[in-house]
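Heads up, my_file06.txt below (compact mmCIF, C-alpha atoms):
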# COMPACT_ATOMS: atom_id res chain seq x y z
CA MET G 796 -101.91 76.91 -26.90
CA ASP G 797 -100.62 73.39 -26.57
CA TRP G 798 -102.17 70.41 -24.86
CA MET G 799 -100.46 70.85 -21.47
CA GLY G 800 -101.53 74.47 -21.29
CA LEU G 801 -105.16 73.42 -21.75
CA VAL G 802 -104.88 70.88 -18.92
CA GLN G 803 -103.36 73.53 -16.65
CA LEU G 804 -106.12 75.98 -17.48
CA ALA G 805 -108.76 73.31 -16.75
CA VAL G 806 -107.16 72.51 -13.38
CA ILE G 807 -107.10 76.20 -12.42
CA LEU G 808 -110.74 76.66 -13.44
CA VAL G 809 -111.90 73.53 -11.59
CA SER G 810 -110.02 74.51 -8.44
CA ALA G 811 -111.46 78.03 -8.59
CA ALA G 812 -114.98 76.61 -8.93
CA LEU G 813 -114.42 74.21 -6.03
CA MET G 814 -113.02 76.91 -3.74
CA LEU G 815 -115.80 79.38 -4.49
CA THR G 816 -118.43 76.66 -3.93
CA GLY G 817 -116.86 75.71 -0.60
CA ALA G 818 -116.65 79.30 0.57
CA GLY G 819 -120.27 79.82 -0.46
CA ILE G 820 -121.35 76.76 1.56
CA ILE G 821 -119.45 78.03 4.61
CA LEU G 822 -120.95 81.49 4.25
CA ALA G 823 -124.45 79.98 3.97
CA GLY G 824 -123.79 77.90 7.08
CA ALA G 825 -122.75 81.04 8.95
CA VAL G 826 -125.95 82.78 7.85
CA GLY G 827 -127.84 79.74 9.17
CA VAL G 828 -126.14 80.08 12.55
CA ILE G 829 -127.52 83.61 12.77
CA ARG G 830 -131.00 82.81 11.46
CA LEU G 831 -132.02 79.53 13.09
CA PRO G 832 -134.06 79.66 16.29
CA ASP G 833 -132.34 77.63 19.01
CA PHE G 834 -129.05 75.97 19.86
CA TYR G 835 -129.88 72.52 18.53
CA THR G 836 -130.91 73.79 15.13
CA ARG G 837 -127.92 76.13 14.89
CA MET G 838 -125.65 73.19 15.54
CA HIS G 839 -126.76 71.63 12.25
CA ALA G 840 -125.78 74.75 10.33
CA ALA G 841 -122.53 75.44 12.18
CA GLY G 842 -120.81 72.15 12.75
CA VAL G 843 -121.76 70.21 9.74
CA THR G 844 -122.05 72.39 6.66
CA ASP G 845 -118.59 73.57 7.73
CA THR G 846 -117.22 70.10 7.18
CA LEU G 847 -118.35 69.81 3.56
CA GLY G 848 -117.29 73.38 2.79
CA ALA G 849 -113.89 72.80 4.37
CA GLU G 850 -113.30 69.59 2.44
CA ILE G 851 -114.27 71.23 -0.86
CA ILE G 852 -111.99 74.23 -0.24
CA ILE G 853 -109.11 71.94 0.67
CA LEU G 854 -109.72 69.88 -2.48
CA GLY G 855 -109.51 73.08 -4.52
CA LEU G 856 -106.30 74.10 -2.74
CA ILE G 857 -104.77 70.67 -3.42
CA LEU G 858 -105.55 71.08 -7.13
CA GLN G 859 -103.95 74.52 -7.01
CA ALA G 860 -100.81 73.30 -5.24
CA GLY G 861 -100.14 70.29 -7.44
CA PHE G 862 -98.05 67.29 -6.41
CA THR G 863 -95.89 68.79 -3.66
CA LEU G 864 -95.37 68.48 0.07
CA VAL G 865 -97.91 71.27 0.44
CA SER G 866 -100.73 69.13 -0.93
CA VAL G 867 -99.78 66.26 1.40
CA LYS G 868 -100.12 68.65 4.34
CA LEU G 869 -103.42 69.91 2.96
CA ALA G 870 -104.71 66.34 2.68
CA LEU G 871 -103.69 65.72 6.29
CA LEU G 872 -105.50 68.91 7.31
CA GLY G 873 -108.63 67.72 5.50
CA LEU G 874 -108.44 64.34 7.24
CA ILE G 875 -108.08 66.00 10.66
CA ILE G 876 -111.08 68.27 10.04
CA PHE G 877 -113.12 65.34 8.72
CA LEU G 878 -112.42 63.28 11.84
CA THR G 879 -112.60 65.92 14.57
CA SER G 880 -115.50 68.06 13.37
CA PRO G 881 -118.34 65.54 13.94
CA THR G 882 -116.82 64.55 17.27
CA SER G 883 -116.81 68.10 18.60
CA THR G 884 -120.31 68.71 17.27
CA HIS G 885 -121.48 65.59 19.09
CA ALA G 886 -119.63 66.70 22.25
CA VAL G 887 -121.39 70.08 22.29
CA ALA G 888 -124.77 68.47 21.57
CA ASN G 889 -124.27 65.83 24.22
CA ALA G 890 -123.20 68.38 26.86
CA ALA G 891 -126.21 70.57 26.10
CA TYR G 892 -128.58 67.59 26.18
CA ARG G 893 -127.21 66.28 29.48
CA SER G 894 -127.40 69.72 31.06
CA GLY G 895 -131.10 69.73 30.25
CA LEU G 896 -131.32 72.42 27.60
CA LYS G 897 -134.76 72.03 26.03
CA PRO G 898 -134.98 71.91 22.23
CA ILE G 899 -137.80 73.57 20.30
CA LEU G 900 -140.01 70.72 19.18
CA ARG G 901 -142.97 72.41 17.54
CA ARG G 902 -143.32 73.81 14.06
CA TRP G 903 -141.30 77.01 13.74
CA ARG G 904 -141.64 79.64 11.03
CA SER G 905 -139.25 82.56 10.90
CA ASP G 906 -141.91 85.11 9.87
CA GLU G 907 -144.33 84.58 12.76
CA ASN G 908 -142.06 83.72 15.73
CA ARG G 909 -139.76 86.71 15.79
CA GLY G 910 -140.11 86.91 19.54
CA ASP G 911 -138.62 83.61 20.62
CA ALA G 912 -135.71 83.63 18.21
CA ALA G 913 -133.43 83.81 21.20
CA MET A 282 -102.12 89.47 -9.68
CA THR A 283 -102.75 86.10 -11.26
CA PHE A 284 -106.14 84.48 -11.57
CA ALA A 285 -105.39 81.87 -8.88
CA SER A 286 -104.34 84.44 -6.30
CA ALA A 287 -107.41 86.54 -7.08
CA ILE A 288 -109.55 83.47 -6.32
CA ASP A 289 -107.59 82.90 -3.11
CA PHE A 290 -108.19 86.50 -2.12
CA THR A 291 -111.94 86.24 -2.79
CA VAL A 292 -112.26 83.01 -0.83
CA GLY A 293 -110.28 84.53 2.04
CA LEU A 294 -112.65 87.50 2.12
CA MET A 295 -115.70 85.20 2.17
CA LEU A 296 -114.16 83.26 5.06
CA VAL A 297 -113.58 86.51 6.94
CA GLY A 298 -117.26 87.36 6.39
CA ALA A 299 -118.30 83.99 7.81
CA MET A 300 -115.95 84.56 10.76
CA LEU A 301 -117.61 87.91 11.49
CA LEU A 302 -121.03 86.22 11.54
CA MET A 303 -119.61 83.66 13.98
CA LEU A 304 -118.35 86.51 16.19
CA VAL A 305 -121.87 87.97 16.20
CA ARG A 306 -123.23 84.63 17.41
CA LEU A 307 -120.41 84.46 19.96
CA PHE A 308 -121.50 87.79 21.42
CA ILE A 309 -125.29 87.39 21.36
CA GLY A 310 -125.45 83.61 21.85
CA PRO A 311 -127.86 83.20 24.76
CA THR A 312 -126.46 79.94 26.13
CA LEU A 313 -122.95 78.72 26.83
CA TYR A 314 -123.32 76.02 24.21
CA ASP A 315 -124.06 78.54 21.46
CA ARG A 316 -120.81 80.23 22.32
CA VAL A 317 -118.79 77.01 22.39
CA LEU A 318 -120.29 76.11 19.01
CA ALA A 319 -119.42 79.53 17.62
CA VAL A 320 -115.83 79.31 18.89
CA ASN A 321 -115.46 75.85 17.38
CA ALA A 322 -116.82 76.93 13.98
CA PHE A 323 -114.68 80.07 14.14
CA GLY A 324 -111.62 77.88 14.66
CA THR A 325 -112.47 75.74 11.63
CA LYS A 326 -112.75 78.88 9.51
CA ILE A 327 -109.42 80.19 10.82
CA VAL A 328 -107.78 76.90 9.86
CA LEU A 329 -109.19 77.23 6.34
CA PHE A 330 -108.14 80.87 6.18
CA LEU A 331 -104.60 79.94 7.14
CA ALA A 332 -104.53 77.26 4.43
CA VAL A 333 -105.81 79.69 1.79
CA PHE A 334 -103.37 82.33 3.04
CA ALA A 335 -100.48 79.87 2.76
CA LEU A 336 -101.14 79.37 -0.93
CA ALA A 337 -102.08 82.96 -1.66
CA VAL A 338 -98.79 84.44 -0.45
CA GLY A 339 -96.69 81.34 -1.14
CA ARG A 340 -95.61 80.70 2.44
CA ALA A 341 -96.05 77.03 3.22
CA ASP A 342 -95.11 77.59 6.89
CA SER A 343 -98.57 78.71 7.82
CA LEU A 344 -99.89 75.27 6.85
CA ASP A 345 -98.08 73.88 9.90
CA ILE A 346 -99.79 76.51 12.02
CA ALA A 347 -103.10 75.49 10.46
CA LEU A 348 -102.51 71.82 11.36
CA LEU A 349 -101.69 72.76 14.95
CA TYR A 350 -104.68 75.07 15.14
CA ALA A 351 -107.01 72.31 13.95
CA LEU A 352 -105.76 69.95 16.65
CA ILE A 353 -105.80 72.56 19.43
CA ASN A 354 -109.27 73.71 18.37
CA PHE A 355 -110.61 70.20 18.91
CA VAL A 356 -108.89 69.73 22.26
CA ALA A 357 -110.03 73.18 23.44
CA THR A 358 -113.68 72.44 22.62
CA ILE A 359 -113.59 69.18 24.55
CA ALA A 360 -111.73 70.81 27.47
CA ILE A 361 -114.19 73.71 27.75
CA LEU A 362 -117.17 71.34 27.67
CA LYS A 363 -115.58 69.01 30.21
CA PHE A 364 -114.79 71.90 32.52
CA PHE A 365 -118.31 73.28 32.41
CA SER A 366 -119.87 69.83 32.85
CA TYR A 367 -117.75 68.79 35.84
CA ARG A 368 -116.23 72.09 37.04
CA SER A 369 -112.89 70.29 36.95
CA LEU A 370 -110.53 68.87 34.37
CA GLU A 371 -109.31 66.11 36.68
CA VAL A 372 -112.23 63.72 36.30
CA ALA A 373 -111.09 60.38 34.90
CA LEU A 374 -113.02 58.79 32.09
CA ASP A 375 -114.30 55.92 34.24
CA GLU A 376 -115.51 58.24 36.99
CA MET A 377 -117.80 60.22 34.72
CA ALA A 378 -121.47 60.02 35.47
CA PRO A 379 -123.44 57.76 33.15
CA ALA A 380 -126.12 59.26 30.98
CA PRO A 381 -128.94 60.47 33.20
CA ALA A 382 -132.26 58.74 32.69
CA ARG A 383 -134.47 61.37 31.12
CA ASP A 384 -138.16 61.32 30.57
CA ASP A 385 -138.38 64.65 28.74
CA LYS A 386 -137.95 63.23 25.28
CA GLY A 387 -139.99 66.18 24.09
CA GLU A 388 -143.69 66.67 23.75
CA GLY A 389 -143.70 66.62 19.96
CA ALA A 390 -141.37 63.68 19.37
CA MET P 331 -97.99 40.50 24.62
CA THR P 332 -96.72 39.99 21.09
CA ARG P 333 -99.68 41.95 19.79
CA LYS P 334 -98.72 44.81 22.05
CA TRP P 335 -95.18 44.82 20.62
CA LEU P 336 -96.63 44.82 17.12
CA TYR P 337 -98.80 47.83 17.96
CA GLY P 338 -95.83 49.67 19.45
CA VAL P 339 -93.67 49.06 16.39
CA THR P 340 -96.50 50.12 14.05
CA LEU P 341 -97.07 53.32 16.04
CA THR P 342 -93.35 54.13 15.87
CA ILE P 343 -93.29 53.60 12.10
CA VAL P 344 -96.40 55.74 11.63
CA LEU P 345 -94.99 58.56 13.76
CA THR P 346 -91.67 58.44 11.91
CA ALA P 347 -93.40 58.63 8.56
CA MET P 348 -95.55 61.51 9.83
CA TRP P 349 -92.48 63.41 11.00
CA ALA P 350 -90.66 62.83 7.71
CA LEU P 351 -93.70 64.07 5.78
CA LEU P 352 -94.31 67.14 7.88
CA SER P 353 -90.77 68.39 8.33
CA GLY P 354 -89.60 67.92 4.75
CA TYR P 355 -86.02 68.79 5.69
CA GLY P 356 -84.46 65.39 5.25
CA LEU P 357 -81.87 63.94 7.60
CA LYS P 358 -80.12 66.76 9.38
CA GLN P 359 -78.52 65.93 12.68
CA PRO P 360 -80.02 68.29 15.32
CA LEU P 361 -83.51 67.95 13.87
CA LEU P 362 -83.20 64.17 13.67
CA SER P 363 -82.24 63.81 17.34
CA LEU P 364 -85.22 65.95 18.37
CA ALA P 365 -87.47 63.82 16.17
CA ILE P 366 -86.22 60.60 17.78
CA PHE P 367 -86.70 62.15 21.21
CA SER P 368 -90.30 63.19 20.51
CA ILE P 369 -91.21 59.85 18.95
CA VAL P 370 -89.80 57.93 21.93
CA VAL P 371 -91.64 60.19 24.39
CA THR P 372 -94.92 59.79 22.47
CA VAL P 373 -94.69 56.00 22.35
CA PHE P 374 -93.73 55.86 26.04
CA MET P 375 -96.67 58.09 27.03
CA THR P 376 -99.06 56.04 24.91
CA ILE P 377 -97.98 52.84 26.65
CA ARG P 378 -98.08 54.49 30.10
CA MET P 379 -101.60 55.83 29.54
CA GLY P 380 -102.75 52.40 28.43
CA LEU P 381 -103.93 53.69 25.07
CA LEU P 382 -101.94 51.23 23.00
CA ASP P 383 -104.49 48.85 21.53
CA GLY P 384 -106.06 48.08 18.21
CA GLU P 385 -107.92 51.39 18.14
CA ALA P 386 -104.76 53.49 18.55
CA ILE P 387 -103.26 52.23 15.31
CA PRO P 388 -104.74 53.69 12.16
CA TYR P 389 -105.51 50.68 10.07
CA TRP P 390 -107.41 50.71 6.84
CA ARG P 391 -109.58 48.32 5.02
CA LEU P 392 -110.77 48.71 1.48
CA ARG P 393 -114.37 48.32 2.57
CA TYR P 394 -113.96 51.49 4.64
CA LEU P 395 -113.03 53.40 1.51
CA ALA P 396 -116.16 52.19 -0.27
CA TYR P 397 -118.19 53.21 2.77
CA TRP P 398 -116.61 56.65 2.79
CA GLY P 399 -117.47 57.11 -0.86
CA TRP P 400 -121.11 56.27 -0.18
CA LEU P 401 -121.10 58.51 2.92
CA GLY P 402 -119.69 61.38 0.87
CA ARG P 403 -122.63 61.21 -1.53
CA GLU P 404 -125.09 61.16 1.39
CA ILE P 405 -123.34 64.16 3.00
CA VAL P 406 -123.58 66.19 -0.21
CA LYS P 407 -127.26 65.32 -0.67
CA SER P 408 -128.33 66.29 2.84
CA ASN P 409 -126.08 69.37 2.84
CA ILE P 410 -128.01 70.67 -0.14
CA ALA P 411 -131.27 70.05 1.73
CA VAL P 412 -130.03 71.92 4.83
CA LEU P 413 -128.71 74.83 2.77
CA LYS P 414 -132.09 75.10 1.02
CA ILE P 415 -133.78 75.44 4.42
CA VAL P 416 -131.24 77.96 5.67
CA LEU P 417 -131.30 80.18 2.60
CA SER P 418 -135.04 80.13 1.96
CA PRO P 419 -136.64 83.50 2.74
CA VAL P 420 -138.97 81.99 5.34
CA ILE P 421 -137.50 79.24 7.51
CA ASP P 422 -140.21 76.65 8.08
CA ILE P 423 -138.98 73.73 10.16
CA LYS P 424 -140.24 71.27 12.73
CA PRO P 425 -137.29 70.04 14.79
CA VAL P 426 -137.62 66.56 16.26
CA VAL P 427 -135.82 64.49 18.85
CA THR P 428 -136.00 60.83 18.01
CA ARG P 429 -134.56 57.57 19.24
CA THR P 430 -133.27 55.00 16.80
CA PRO P 431 -132.46 51.44 17.86
CA VAL P 432 -128.93 50.26 17.12
CA SER P 433 -128.03 46.60 17.23
CA LEU P 434 -124.29 47.01 16.61
CA LYS P 435 -122.07 45.87 19.49
CA ASP P 436 -118.53 46.62 18.31
CA ASP P 437 -117.16 49.93 19.63
CA VAL P 438 -115.59 51.00 16.33
CA ALA P 439 -118.77 50.23 14.41
CA ARG P 440 -120.91 52.17 16.90
CA ALA P 441 -118.56 55.17 16.79
CA THR P 442 -118.54 55.07 13.00
CA LEU P 443 -122.32 54.96 12.90
CA ALA P 444 -122.73 57.82 15.40
CA ASN P 445 -120.22 59.98 13.56
CA SER P 446 -121.91 59.22 10.25
CA TYR P 447 -125.26 60.38 11.62
CA THR P 448 -123.57 63.53 12.87
CA LEU P 449 -121.71 64.16 9.63
CA THR P 450 -124.85 64.12 7.53
CA PRO P 451 -126.41 67.51 8.20
CA GLY P 452 -129.95 67.47 9.49
CA THR P 453 -129.26 64.79 12.10
CA VAL P 454 -126.89 65.02 15.05
CA THR P 455 -126.30 62.25 17.57
CA MET P 456 -127.06 63.69 21.00
CA GLU P 457 -126.75 60.69 23.29
CA ILE P 458 -125.42 57.18 22.95
CA GLU P 459 -127.26 54.54 24.92
CA GLU P 460 -126.89 50.80 25.21
CA GLY P 461 -129.46 49.86 22.59
CA GLY P 462 -129.84 53.01 20.55
CA PHE P 463 -128.92 56.59 19.78
CA ILE P 464 -130.91 59.74 20.51
CA LEU P 465 -130.82 62.01 17.48
CA HIS P 466 -131.85 65.59 16.95
CA GLY P 467 -133.29 66.30 13.53
CA LEU P 468 -133.49 69.74 11.98
CA ASP P 469 -136.73 68.80 10.26
CA GLU P 470 -139.04 65.81 10.20
CA SER P 471 -137.94 65.01 6.65
CA PHE P 472 -134.40 64.10 7.83
CA CYS P 473 -135.59 61.56 10.37
CA GLY P 474 -137.11 58.68 8.44
CA GLN P 475 -136.39 55.43 10.27
CA GLU P 476 -135.75 53.59 7.00
CA GLY P 477 -132.87 56.01 6.26
CA PHE P 478 -131.31 55.12 9.62
CA ARG P 479 -131.64 51.40 8.79
CA ILE P 480 -129.73 51.92 5.52
CA PHE P 481 -126.91 53.62 7.45
CA GLU P 482 -126.75 50.79 9.96
CA ARG P 483 -126.65 48.13 7.23
CA LYS P 484 -123.86 49.96 5.40
CA VAL P 485 -121.79 50.34 8.59
CA LYS P 486 -122.38 46.68 9.39
CA SER P 487 -121.04 45.57 6.04
CA ALA P 488 -118.15 48.10 6.14
CA THR P 489 -116.82 47.06 9.53
CA GLY P 490 -117.55 43.41 8.90
CA GLU P 491 -119.48 42.95 12.11
CA GLY P 492 -121.30 39.68 12.28
CA SER P 493 -119.28 38.09 9.52
CA GLU P 494 -116.04 37.76 11.51
Could the structure of this file be written out as structure tokens, please?
Amino acid sequence: MDWMGLVQLAVILVSAALMLTGAGIILAGAVGVIRLPDFYTRMHAAGVTDTLGAEIIILGLILQAGFTLVSVKLALLGLIIFLTSPTSTHAVANAAYRSGLKPILRRWRSDENRGDAA
Amino acid sequence: MTFASAIDFTVGLMLVGAMLLMLVRLFIGPTLYDRVLAVNAFGTKIVLFLAVFALAVGRADSLDIALLYALINFVATIAILKFFSYRSLEVALDEMAPAPARDDKGEGA
Amino acid sequence: MTRKWLYGVTLTIVLTAMWALLSGYGLKQPLLSLAIFSIVVTVFMTIRMGLLDGEAIPYWRLRYLAYWGWLGREIVKSNIAVLKIVLSPVIDIKPVVTRTPVSLKDDVARATLANSYTLTPGTVTMEIEEGGFILHGLDESFCGQEGFRIFERKVKSATGEGSE
């Protein structure tokens, strides 16, 4: 195997690692959306771990695509997600806060408060 | 099946799993805001799925769909929230009510 | 008035570059006429809606890039903390709602700061007030006031507020 082949192999391995990490982060965030107790805590898991996972997956895809028009579009997609995701999370949080939805503010443990995990 | 497309396939499956969890939250979410949040996160995952799909099957067209979906997802979230806050989409930005003065900062804060 | 013309020309150039990047077909006649049509309509609508000002034009400064690099590290660090909470067998959290004073006056700087708080998991900006933000924290450990001060200082130096 020559030198270029080694570089190609390394790029494929790095992109695979990045994509699997990103998908794992997104899956963990989704599990958090199911497990956490109220809207305000779920918002942390849903809106925001998504952003990091999405960026990492897109980085892996860019490595996979190489220097083409495809990777330019992927970079644009990453920029759009990076800019819009916190804004929509803030919009949902702000709407809920203004409508008077009360957050849970005491200590919460998942093994003793099964009942109010609404 | 090459190694790269196998990875794409795995990542796509994981994204589908996350989307199913989001659908669960969409159905059981007790408040409106849980549902809006679930729809928004679902949209982000669809955008990623489209991007992964584009590279997995070698059709770059679906990247354009992904870009459009990302933009429409954002606008839809804002529009839904605006509609449920004001019951109308025709409220101008300078007619919106200022932040209400609240005294319920929370008993534990 | 001249500034407004400058903004309009910049917006047209940016839109043209965006179209050229996204279509990837090169200069073919029917497509090109549609592209010119859509760019003209977009610029006209932007002027009519009164959106054409300094904020509408994407402009970049090198200090922003340095800030984004620092923000990226912070995002990764607090993401790991949130994922640890989410994936632990017993979730043990104490959510808090806290108010942090913000002395920034510039709109772009305030928006950058609020979005940075939101982007780092564990804290989400819930309400923007005149002299501060109301944040919701997933756990007490994400809401140290000294951490918020570091963010504000970084944003201040990135947007150059106070120095210009």
In Å, how far is it from atom CA of Leu449 of chain P to atom CA of Gly873 of chain G?
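Interatomic distance, atom CA of Leu449 of chain P to atom CA of Gly873 of chain G: 14.2 Å.
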Spatial neighbours of segment 852-866 of chain G, max dist 6 Å, all atoms listed in the file, sep filter under 6 positions, as a PyMOL selection string:
chain G and resi 810+813-814+817
Between chain A and chain G, at 6 Å or less, what are the per-residue closest atom pairs and their distances in Å? Count all atoms listed in the file, order by chain and rising residue number, and return it as a Markdown table.
| residue | atom | partner | partner_atom | distance |
| --- | --- | --- | --- | --- |
| A:Val292 | CA | G:Ala818 | CA | 5.9 |
| A:Ala299 | CA | G:Leu822 | CA | 5.1 |
| A:Asp315 | CA | G:Phe834 | CA | 5.8 |
| A:Leu348 | CA | G:Leu872 | CA | 5.8 |
| A:Gly389 | CA | G:Leu900 | CA | 5.6 |
Can you work out which residues from chain P touch chain G at a cut-off of 6 Å (counting all atoms listed in the file) and hand them back as number ranges by chain?
P: 416, 420-426, 445, 448-449, 451-452, 456-457, 468
Atoms to include: C-alpha atoms. Write the selected residues as a PDB file, in the frame of the given file.
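Written file, result21.pdb:
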ATOM      1  CA  VAL P 416    -131.240  77.960   5.670  1.00  0.00           C
ATOM      2  CA  VAL P 420    -138.970  81.990   5.340  1.00  0.00           C
ATOM      3  CA  ILE P 421    -137.500  79.240   7.510  1.00  0.00           C
ATOM      4  CA  ASP P 422    -140.210  76.650   8.080  1.00  0.00           C
ATOM      5  CA  ILE P 423    -138.980  73.730  10.160  1.00  0.00           C
ATOM      6  CA  LYS P 424    -140.240  71.270  12.730  1.00  0.00           C
ATOM      7  CA  PRO P 425    -137.290  70.040  14.790  1.00  0.00           C
ATOM      8  CA  VAL P 426    -137.620  66.560  16.260  1.00  0.00           C
ATOM      9  CA  ASN P 445    -120.220  59.980  13.560  1.00  0.00           C
ATOM     10  CA  THR P 448    -123.570  63.530  12.870  1.00  0.00           C
ATOM     11  CA  LEU P 449    -121.710  64.160   9.630  1.00  0.00           C
ATOM     12  CA  PRO P 451    -126.410  67.510   8.200  1.00  0.00           C
ATOM     13  CA  GLY P 452    -129.950  67.470   9.490  1.00  0.00           C
ATOM     14  CA  MET P 456    -127.060  63.690  21.000  1.00  0.00           C
ATOM     15  CA  GLU P 457    -126.750  60.690  23.290  1.00  0.00           C
ATOM     16  CA  LEU P 468    -133.490  69.740  11.980  1.00  0.00           C
TER      17      LEU P 468
END
What does the distance from atom CA of Ser408 of chain P to atom CA of Glu460 of chain P come to in Å, to one decimal?
27.2 Å
Atom CA of Leu382 of chain P to atom CA of Ala439 of chain P, straight-line distance in Å
18.9 Å
Kindly provide the residues of chain P that approach chain A to within 12 Å, each paired with its closest atom pair and their distance in Å to one decimal, based on only C-alpha atoms, listed by chain and increasing number, as JSON lines.
{"residue": "P:Trp349", "atom": "CA", "partner": "A:Asp345", "partner_atom": "CA", "distance": 11.9}
{"residue": "P:Leu351", "atom": "CA", "partner": "A:Asp345", "partner_atom": "CA", "distance": 11.5}
{"residue": "P:Leu352", "atom": "CA", "partner": "A:Asp345", "partner_atom": "CA", "distance": 8.0}
{"residue": "P:Ser353", "atom": "CA", "partner": "A:Asp345", "partner_atom": "CA", "distance": 9.3}
{"residue": "P:Gly354", "atom": "CA", "partner": "A:Ala341", "partner_atom": "CA", "distance": 11.3}
{"residue": "P:Met379", "atom": "CA", "partner": "A:Ala373", "partner_atom": "CA", "distance": 11.8}
{"residue": "P:Lys424", "atom": "CA", "partner": "A:Gly389", "partner_atom": "CA", "distance": 9.3}
{"residue": "P:Pro425", "atom": "CA", "partner": "A:Ala390", "partner_atom": "CA", "distance": 8.8}
{"residue": "P:Val426", "atom": "CA", "partner": "A:Ala390", "partner_atom": "CA", "distance": 5.7}
{"residue": "P:Val427", "atom": "CA", "partner": "A:Ala390", "partner_atom": "CA", "distance": 5.6}
{"residue": "P:Thr428", "atom": "CA", "partner": "A:Ala390", "partner_atom": "CA", "distance": 6.2}
{"residue": "P:Arg429", "atom": "CA", "partner": "A:Lys386", "partner_atom": "CA", "distance": 8.9}
{"residue": "P:Met456", "atom": "CA", "partner": "A:Ala380", "partner_atom": "CA", "distance": 11.0}
{"residue": "P:Glu457", "atom": "CA", "partner": "A:Ala380", "partner_atom": "CA", "distance": 7.8}
{"residue": "P:Ile458", "atom": "CA", "partner": "A:Ala380", "partner_atom": "CA", "distance": 8.3}
{"residue": "P:Glu459", "atom": "CA", "partner": "A:Ala380", "partner_atom": "CA", "distance": 7.8}
{"residue": "P:Glu460", "atom": "CA", "partner": "A:Ala380", "partner_atom": "CA", "distance": 10.3}
{"residue": "P:Phe463", "atom": "CA", "partner": "A:Ala380", "partner_atom": "CA", "distance": 11.8}
{"residue": "P:Ile464", "atom": "CA", "partner": "A:Lys386", "partner_atom": "CA", "distance": 9.2}
{"residue": "P:Leu465", "atom": "CA", "partner": "A:Lys386", "partner_atom": "CA", "distance": 10.6}
{"residue": "P:His466", "atom": "CA", "partner": "A:Ala390", "partner_atom": "CA", "distance": 10.0}
{"residue": "P:Gly467", "atom": "CA", "partner": "A:Ala390", "partner_atom": "CA", "distance": 10.3}
{"residue": "P:Asp469", "atom": "CA", "partner": "A:Ala390", "partner_atom": "CA", "distance": 11.4}
{"residue": "P:Glu470", "atom": "CA", "partner": "A:Ala390", "partner_atom": "CA", "distance": 9.7}
{"residue": "P:Cys473", "atom": "CA", "partner": "A:Ala390", "partner_atom": "CA", "distance": 10.9}
Preceding selection exported with C-alpha atoms as a PDB file, in the frame of the given file:
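Everything below was put into selection-v8.pdb:
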ATOM      1  CA  TRP P 349     -92.480  63.410  11.000  1.00  0.00           C
ATOM      2  CA  LEU P 351     -93.700  64.070   5.780  1.00  0.00           C
ATOM      3  CA  LEU P 352     -94.310  67.140   7.880  1.00  0.00           C
ATOM      4  CA  SER P 353     -90.770  68.390   8.330  1.00  0.00           C
ATOM      5  CA  GLY P 354     -89.600  67.920   4.750  1.00  0.00           C
ATOM      6  CA  MET P 379    -101.600  55.830  29.540  1.00  0.00           C
ATOM      7  CA  LYS P 424    -140.240  71.270  12.730  1.00  0.00           C
ATOM      8  CA  PRO P 425    -137.290  70.040  14.790  1.00  0.00           C
ATOM      9  CA  VAL P 426    -137.620  66.560  16.260  1.00  0.00           C
ATOM     10  CA  VAL P 427    -135.820  64.490  18.850  1.00  0.00           C
ATOM     11  CA  THR P 428    -136.000  60.830  18.010  1.00  0.00           C
ATOM     12  CA  ARG P 429    -134.560  57.570  19.240  1.00  0.00           C
ATOM     13  CA  MET P 456    -127.060  63.690  21.000  1.00  0.00           C
ATOM     14  CA  GLU P 457    -126.750  60.690  23.290  1.00  0.00           C
ATOM     15  CA  ILE P 458    -125.420  57.180  22.950  1.00  0.00           C
ATOM     16  CA  GLU P 459    -127.260  54.540  24.920  1.00  0.00           C
ATOM     17  CA  GLU P 460    -126.890  50.800  25.210  1.00  0.00           C
ATOM     18  CA  PHE P 463    -128.920  56.590  19.780  1.00  0.00           C
ATOM     19  CA  ILE P 464    -130.910  59.740  20.510  1.00  0.00           C
ATOM     20  CA  LEU P 465    -130.820  62.010  17.480  1.00  0.00           C
ATOM     21  CA  HIS P 466    -131.850  65.590  16.950  1.00  0.00           C
ATOM     22  CA  GLY P 467    -133.290  66.300  13.530  1.00  0.00           C
ATOM     23  CA  ASP P 469    -136.730  68.800  10.260  1.00  0.00           C
ATOM     24  CA  GLU P 470    -139.040  65.810  10.200  1.00  0.00           C
ATOM     25  CA  CYS P 473    -135.590  61.560  10.370  1.00  0.00           C
TER      26      CYS P 473
END
